[in-house]
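Chemist: Dumping the structure here so I can ask a few things about it.
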Amino acid sequence: MLVKRARNGDMRAFEELVDRHRAVVFRVAARVVGPHDADDVSQDALLRAYHRLHSFRGEGSFRAWLLRIVHNTALNQLARRLPEPVGGSDDIERSAPPPEPGREPASRLERRERAERLELKLGGLRPEHRAVLVLRDLEGMAYDEIALITASPLGSVKGRLHRARRELIEILRNNTYDWELPHE
Amino acid sequence: MNDEPEGGLAERRLDEHLELLRAAPPSPGTALVPRVVRKARWQSYVRAPLRVAGMIGFAFVHGLAALFGGGKSR
């Protein structure tokens, strides 16, 4: 088992573990803390995991154990930041990088621009809401795995996810861009 | 990706929008893995001596505190 070997000091085994999980670690970090800090948070979380390998008991998946460290590292990173304007503000809207001009077809350009806007709006969610929404709606993880990662009861995960979706819908509705989200 | 139809039309529409992000996931640079492994290796070398030095320092400070604390109580 790779974890056991890494725990016994086998750096090649650790390297293989990191390589195997780096993509999901980075994706979750980037979606929760944003692209600028994603590299630092990923690195920090992977190093913490290395030093805590002895505490992995194999009760859940290694991925869930690792993502729990990523989740905590990301939320700590956000807590250290200065308060940011909440989603839906024009400041966030203006901070979107302009699409690069070029030969990109208009539809693809528009799609990319919408994705960038949505990414910024996602950043306006409360961190604990954002994390659950990322794990469920972007990573497609099961509720029980998310419960392990966030160290929360299953009911809390479902409740938080529901509130996260409603919060994001409200942020998008208050946006100048029309996301076509009907009121029910 | 979601295995049940959740919420109303707005939530389903939101899920369609989120497909934009699912379709273009951020990916780490190639430098991440070697950098993490290099740092882990380096930290594992210095961790044990630092821990021993820390314990010695703690014992020293604790000893001094006991010495001076004991003197005061008399």
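All residue names refer to the structure tokens as shown: chains lettered A, B, ... in order, residues numbered from 1 in each chain, ligands numbered from 1 in order.
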Using only C-alpha atoms, determine which residues of chain A fall within 6 Å of chain B; present them as a list in words.

Modeler: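 Listed by rising number, the hits are Phe26, Arg27, Gln43, Ala115, Leu138, Gly140, Leu181 and Pro182 of chain A.
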
Chemist: Export C-alpha atoms of the chosen residues as a short mmCIF file (atom, residue, chain, number, x, y, z; two decimals), in the first residue's frame?

Modeler:
data_model
loop_
_atom_site.label_atom_id
_atom_site.label_comp_id
_atom_site.auth_asym_id
_atom_site.auth_seq_id
_atom_site.Cartn_x
_atom_site.Cartn_y
_atom_site.Cartn_z
CA PHE A 26 -5.50 21.72 -6.91
CA ARG A 27 -9.02 21.92 -8.33
CA GLN A 43 1.56 22.72 -1.53
CA ALA A 115 -17.30 30.92 -16.89
CA LEU A 138 -18.26 20.72 -9.32
CA GLY A 140 -19.55 15.38 -7.99
CA LEU A 181 -32.71 32.30 -13.16
CA PRO A 182 -36.50 32.40 -12.72
#

Chemist: Range 56-68 of chain A: which residues within 7 Å, counting only C-alpha atoms, same-chain residues fewer than 4 positions away excluded, as a PyMOL selection string?

Modeler: chain A and resi 25+49+72+145+148-150

Chemist: Write out as JSON, numbers by chain the set of residues from range 23-71 of chain B that DSSP, computed on the backbone, places in helix (DSSP H, G or I).

Modeler: {"B": [23, 32, 33, 34, 35, 36, 37, 38, 39, 40, 41, 42, 43, 44, 45, 46, 47, 48, 49, 50, 51, 52, 53, 54, 55, 56, 57, 58, 59, 60, 61, 62, 63, 64, 65, 66, 67, 68, 69, 70, 71]}

Chemist: Might you pull out every residue within 12 Å of Arg160 in chain A, with only C-alpha atoms counted and same-chain residues fewer than 4 positions away left off, and present them as a list in words?

Modeler: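 Returned residues: Leu125, Arg126, Pro127, Glu128, His129, Arg130, Ala131, Val132, Leu133, Val134, Leu135, Arg136, Tyr143, Ile146, Ala147, Thr150, Ser152, Pro153, Leu154, Gly155, Ser156, Ala164, Arg165, Arg166 and Glu167 of chain A.
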
Chemist: With a distance cut-off of 10 Å and only C-alpha atoms, select the neighbouring residues of Arg114 in chain A, excluding the residue or stretch itself and same-chain residues fewer than 2 positions from it, and output the selection as a tab-separated table (two decimals) with C-alpha atoms, in the first residue's frame.

Modeler:
chain	number	residue	atom	x	y	z
A	108	ARG	CA	-16.32	30.08	-27.26
A	109	LEU	CA	-15.28	33.54	-26.19
A	110	GLU	CA	-18.69	34.17	-24.68
A	111	ARG	CA	-18.65	30.80	-22.93
A	112	ARG	CA	-15.27	31.55	-21.42
A	116	GLU	CA	-15.00	33.68	-15.59
A	117	ARG	CA	-17.97	35.69	-14.33
A	118	LEU	CA	-19.43	32.63	-12.65
A	119	GLU	CA	-16.09	31.82	-11.04
A	120	LEU	CA	-15.99	35.32	-9.56
A	177	TYR	CA	-25.53	39.96	-16.52
A	179	TRP	CA	-28.30	34.42	-15.90
B	17	HIS	CA	-24.39	27.19	-15.59
B	20	LEU	CA	-19.24	25.86	-17.56
B	21	LEU	CA	-16.89	25.42	-14.62

Chemist: Kindly give the distance, in Å, that separates CA of Glu170 in chain A and CA of His71 in chain A, rounded to a single decimal.

Modeler: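 Taking CA of Glu170 in chain A as the start and CA of His71 in chain A as the end point, the length is 24.6 Å.
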
Chemist: Fewer than 2 positions away in the same chain doesn't count, so skip those; otherwise give me all residues within 12 Å of Arg12 in chain A, counting only C-alpha atoms, as a PyMOL selection string.

Modeler: (chain A and resi 2-10+14-19) or (chain B and resi 33-34+37-38+40-41)

Chemist: How many Å lie between CA of Arg22 in chain A and CA of Ser42 in chain A, rounded to one decimal?

Modeler: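 These atoms are spaced 7.9 Å apart.
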
Chemist: Could you please determine the separation between CA of Val70 in chain A and CA of Ala29 in chain A in Å, to one decimal place?

Modeler: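 Distance reported for this atom pair: 6.7 Å.
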